[in-house]
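**Student:** Got a structure for you, questions after.
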Amino acid sequence: MYSFLPDLDKKKPRELKMDQALLLIHNELPGTHLAVYWKSERCYHCLFELLVNVPQSEKPGPASIAAVPISSQHGSVLQLNDSRAEKEVCRLEYRFGEFGNYSVLVRRNLNGSSGIACDVVINENPVDSNLPVTVAFLIGLSLIIAVCLLRLLLSLDDFNDWISKAMSSRETDRLINSELGSPSRVDPLSGDPQPEAWRLSMSNYRLRCVDTFRGIALVLMIFVNYGGGKYWYFKHSSWNGLTVADLVFPWFVFIMGTSVFLSMTSMLHRGCSKFRLLGKITWRSFLLIMIGIVIVNPNYCLGPLSWDELRIPGVLQRLGVTYFVVAVLELLFAKPVPEAWVLERSCICLGDVTSSWPQWLVILLLESIWVGLSFWLPVPGCPTGYLGPGGIGDWGRYPNCTGGAAGYIDHLLLGSEHLYQHPSSTVLYHTKVAYDPEGILGTINSIVMAFLGVQAGKILLYYKGKTKDILIRFTAWCCILGLISVALTKSSENEGLIPINKNLWSISYVTTLSSFAFFILLVLYPVVDTRGLWTGAPFFYPGMNSILVYVGHNVFEDYFPFQWKLGDSQSHREHLTQNLTATILWVLIAYVLYRKKIFWKI
């Protein structure tokens with residue numbers, strides 16, 4: 001609460017924090033004590049919070065004024081009440097701009113009627129907080145265009161002839177032979193061989209688009225984990241809905257499923273026994289879980305870590321469990337496939353689906369378990385089937401029911417001390433209980449997502465060399481999963497049967513992100529692998545070393561040059577510069593490791 005301050009209209013924007021504006025409430029109603037309440041328009045069915053009290057004017061004539069900072073991240077809903085008469089005076093919705101200075105004038109209507117007017121006046125214009133993102137995007141786009149033009153020039157004979165006139169013939173021959181080579185086999189900028197994956201045999205079948213997709217997800221993950229410039233759309237949603245940060249982990253899970261099938265098929269084709277492969281799967285899953293537990297419990301310079309507060313769930317832990325289940329499921333029903341089988345069966349319309357009917361039965365059973373537990377498991381003190389955030393959401397009726405059955409299962413089996421203590425739901429919904437977005441129940445749907453990635457891998461392998469068939473199937477999966485999402489959500493953020501929710505890993509979240517994933521493969525496969533129009537750089541390099549880059553960016557997050565003291569900690573521009581620099585550094589590290597053929601495999 002803020003009391004009256006002199007010269008409030010001259011308050012400097014620098015005294016505000018990031019994503020805040022200064023709001024001045026002018027109470028010109030005689031004998032009326034105002035209570036100003038606020039809530040974000042993104043907060044679904046939320047209670048109003050007391051923002052500031054504005055007493056009646058002590059002297060006749062001048063208005064009583066109170067100043068308060070207000071969030072500029074989303075639109076705001078203000079409700080002004082007469083605290084003595086306990087009635088609403090007025091309500092207004094407005095989107096305030098960062099570091100702007102605004103006044104709300106509360107007064108009698110000037111036309112002489114008995115009504116009360118609440119008008120917003122801009123005292124000082126806000127800054128364009130999204131300008132740094134726009135500039136960074138344009139710079140990146142310019143670099144891409146420049147690289148494309150350079151590649152085009154290097155492929156032209158006239159340009160090469162012009163270079164020849166300025167250089168000795170010996171140097172020209174060396175340059176052309178070592179760097180340009182055949183346009184269909186060598187990339188003129190990176191020197192990497194151009195992908196011709198469809199010509200490879202099944203025993204070493206590797207697609208560059210898969211590593212590129214993995215790299216895209218990983219680079220975005222690094223950027224948002226480092227802060228994403230402190231923009232709200234680069235942070236996880238408070239509850240329902242999607243932001244950029246909500247996209248990356250599911251895509252990583254999806255492409256992991258694709259890689260599982262391709263690599264397992266390759267190993268079986270080379271004669272690896274199922275028993276030996278099971279040992280490899282178990283060991284890799286164990287390592288992922290152990291590494292994950294270590295990096296989500298940093299305790300640098302804080303003394304020994306208490307076992308009572310050790311967080312158990314996490315990103316790598318979920319990847320480990322998901323990988324184990326999907327890989328074992330495929331291993332149980334997989335058979336070494338002769339290479340001729342691909343050509344013989346590729347004409348069958350649904351061969352990639354019907355050949356996996358036992359796996360599909362298991363996946364449908366798992367999804368039935370998720371639905372049954374989410375909607376019918378009794379949760380003490382909460383309505384059965386509750387999927388809300390708790391806190392001040394749903395009019396504050398279920399403050400300790402965050403996540404419903406998902407949260408209850410985690411608290412029951414793991415204990416609240418071993419869960420994530422600062423979930424994204426605290427931002428808007430002010431939840432008080434621990435909730436882990438990588439919890440037990442949500443792992444079921446991450447398995448479903450990985451299995452959809454397996455289906456993408458089967459399409460790529462079963463129809464190898466048949467680009468049209470692959471693209472048709474990617475398009476079909478993209479549309480089918482998209483339609484399922486529309487049916488589940490009713491094309492609404494909050495009103496559907498099962499809203500899109502990253503914290504719950506709801507099935508609509510999985511179908512939506514899987515639809516996006518199939519669309520991305522639909523674009524990447526012909527561009528990267530079929531026609532070789534793009535090598536996948538620079539995303540291809542972190543995609544080839546994903547575990548090392550992911551673990552490294554977590555461990556060295558607080559170290560220079562990935563982080564330094566900012567001149568203005570309340571500046572989006574400085575945070576964005578720091579986070580982009582750190583992300584680019586990890587891409588460069590991945591490139592150097594790729595060149596030196598250093599890969600961390602577990």
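Every chain in the structure tokens has a letter given in the order shown (A, B, ...), and although residue numbers restart at 1 in each chain, ligands are simply numbered from 1 in the order shown.
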For region 382-395 of chain A, find every residue with an atom within 12 Å (counting only C-alpha atoms), except residues of its own chain fewer than 5 positions away, and show them as a PyMOL selection string.
**Tutor:** chain A and resi 39-40+42-49+237-240+370-377+400-408+423-435+437+494-506
**Student:** Those residues you just picked out, can you put them in a file as a compact mmCIF listing (two decimals), in the first residue's frame with C-alpha atoms?
**Tutor:**
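That gives us part-v8.txt:
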# COMPACT_ATOMS: atom_id res chain seq x y z
CA LYS A 39 -6.26 -8.93 -11.22
CA SER A 40 -4.55 -9.97 -14.44
CA ARG A 42 -4.74 -13.92 -17.88
CA CYS A 43 -5.72 -15.13 -14.42
CA TYR A 44 -8.76 -17.35 -15.05
CA HIS A 45 -11.63 -17.07 -12.53
CA CYS A 46 -9.33 -15.32 -10.07
CA LEU A 47 -10.12 -13.34 -6.96
CA PHE A 48 -9.29 -9.65 -6.99
CA GLU A 49 -6.29 -8.56 -4.92
CA SER A 237 2.57 -20.43 -18.69
CA SER A 238 1.21 -19.95 -15.20
CA TRP A 239 -1.33 -22.66 -15.91
CA ASN A 240 -3.39 -23.20 -19.08
CA TRP A 370 -3.98 -41.08 -17.00
CA VAL A 371 -7.59 -40.20 -17.75
CA GLY A 372 -8.91 -42.44 -14.98
CA LEU A 373 -6.60 -41.06 -12.32
CA SER A 374 -6.98 -37.44 -13.43
CA PHE A 375 -10.78 -37.44 -13.49
CA TRP A 376 -11.85 -40.10 -10.99
CA LEU A 377 -9.18 -40.35 -8.29
CA ASN A 400 -4.37 -26.15 -1.88
CA CYS A 401 -5.56 -28.27 -4.83
CA THR A 402 -2.90 -27.30 -7.36
CA GLY A 403 -2.89 -29.88 -10.14
CA GLY A 404 -5.62 -32.03 -8.62
CA ALA A 405 -4.77 -35.74 -8.83
CA ALA A 406 -1.34 -35.08 -10.37
CA GLY A 407 -0.25 -32.98 -7.42
CA TYR A 408 -1.83 -35.34 -4.90
CA PRO A 423 6.06 -23.69 -9.83
CA SER A 424 4.95 -21.25 -12.51
CA SER A 425 1.46 -21.18 -10.98
CA THR A 426 2.78 -18.95 -8.18
CA VAL A 427 3.18 -16.02 -10.62
CA LEU A 428 -0.49 -15.33 -11.33
CA TYR A 429 -2.37 -17.70 -9.04
CA HIS A 430 -0.23 -17.22 -5.91
CA THR A 431 -0.27 -20.90 -5.06
CA LYS A 432 1.31 -21.94 -1.77
CA VAL A 433 1.83 -25.68 -2.19
CA ALA A 434 4.75 -27.37 -3.95
CA TYR A 435 4.02 -28.71 -7.41
CA PRO A 437 5.68 -30.08 -13.61
CA ASN A 494 -9.68 -22.48 -20.48
CA GLU A 495 -13.16 -23.66 -21.50
CA GLY A 496 -12.39 -27.03 -23.08
CA LEU A 497 -12.79 -30.50 -21.59
CA ILE A 498 -9.01 -30.88 -21.25
CA PRO A 499 -7.15 -27.56 -21.68
CA ILE A 500 -3.62 -27.34 -23.02
CA ASN A 501 -1.48 -27.40 -19.89
CA LYS A 502 2.28 -27.85 -19.61
CA ASN A 503 2.25 -28.28 -15.81
CA LEU A 504 -0.12 -31.25 -16.11
CA TRP A 505 1.22 -32.48 -19.44
CA SER A 506 -2.42 -32.86 -20.42
**Student:** Write down as an MDAnalysis selection string the residues of region 306-453 of chain A whose backbone DSSP state falls under alpha helix (DSSP H).
**Tutor:** chainID A and resid 315:333 339:345 351:354 357:376 405:413 425:429 440:453
**Student:** Rank A:Gly415, A:Arg270, A:Pro250, A:Val448 by their smallest atom-to-atom distance to Val325 (chain A), using only C-alpha atoms, and report the top residue only.
**Tutor:**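 Nearest candidate to Val325 (chain A) out of A:Gly415, A:Arg270, A:Pro250, A:Val448: A:Val448.
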**Student:** Would you give me, as a PyMOL selection string, the residues in region 6-169 of chain A that DSSP reads as strand (DSSP E or B)?
**Tutor:** chain A and resi 20-27+34-40+49-54+64-71+76-82+87-94+101-108+116-124
**Student:** Compile the contact shell of Asp82 (chain A) as an MDAnalysis selection string: residues with an atom at most 12 Å away, counting only C-alpha atoms, same-chain residues fewer than 6 positions apart removed.
**Tutor:** chainID A and resid 27 29:37 53:56 88:91 106 116
**Student:** Rounded to one decimal place, report the CA of Ala146 (chain A)-CA of Phe539 (chain A) distance in Å.
**Tutor:**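 Taking CA of Ala146 (chain A) as the start and CA of Phe539 (chain A) as the end point, the length is 17.5 Å.
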**Student:** Would you list the contacts of region 544-560 of chain A as a VMD selection string, taking every protein, DNA or RNA residue within 9 Å and counting only C-alpha atoms, but skipping same-chain residues closer than 5 positions in sequence?
**Tutor:** chain A and resid 211 to 212 214 to 215 218 221 to 222 225 to 226 291 to 292 295 to 296 298 539 582 to 583 586 to 587 589 to 590 593 to 594 598 to 602
**Student:** Of the candidates A:Ser368, A:Leu576, A:Leu513, A:Leu522, which shows the shortest atom-to-atom distance to Leu242 (chain A), using only C-alpha atoms?
**Tutor:**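 Looking at the shortest contact to Leu242 (chain A), the residue is A:Leu513.
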**Student:** Do you know which residues are at most 9 Å from region 272-284 of chain A counting only C-alpha atoms, after dropping those on the same chain fewer than 2 positions away, and could you put them as a list in words?
**Tutor:**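 Contacts, with the query itself left out: Met264, Met267, Leu268, His269, Arg270, Phe286, Leu287, Leu288, Ile289, Gly320, Tyr323, Phe324, Ala327, Val328, Leu331, Leu332 and Ile602 of chain A.
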**Student:** In Å, how far is it from CA of Ile144 (chain A) to CA of Thr243 (chain A)?
**Tutor:**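 Spanning CA of Ile144 (chain A) to CA of Thr243 (chain A) is a straight-line distance of 24.6 Å.
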**Student:** Would you mind reading off the distance between CA of Phe254 (chain A) and CA of Leu452 (chain A), one decimal, in Å?
**Tutor:**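 Taking CA of Phe254 (chain A) as the start and CA of Leu452 (chain A) as the end point, the length is 6.7 Å.
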**Student:** Go through A:Ser129, A:Ser266, A:Glu367, A:Asn445 one by one, measure the shortest atom-to-atom distance of each to Lys230 (chain A) using only C-alpha atoms, and give the residue with the smallest value.
**Tutor:**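 Counting only C-alpha atoms, the residue closest to Lys230 (chain A) is A:Ser129.
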**Student:** From the list A:Lys458, A:Arg108, A:Arg397, A:Arg318, which residue is nearest Phe261 (chain A) when using only C-alpha atoms?
**Tutor:**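 Closest residue, counting only C-alpha atoms: A:Lys458.
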**Student:** With a distance cut-off of 10 Å and only C-alpha atoms, select the neighbouring residues of Cys209 (chain A), excluding the residue or stretch itself and same-chain residues fewer than 2 positions from it, and output the selection as a PyMOL selection string.
**Tutor:** chain A and resi 195+197+206-207+211-215+520-530+534-536+539-540+543
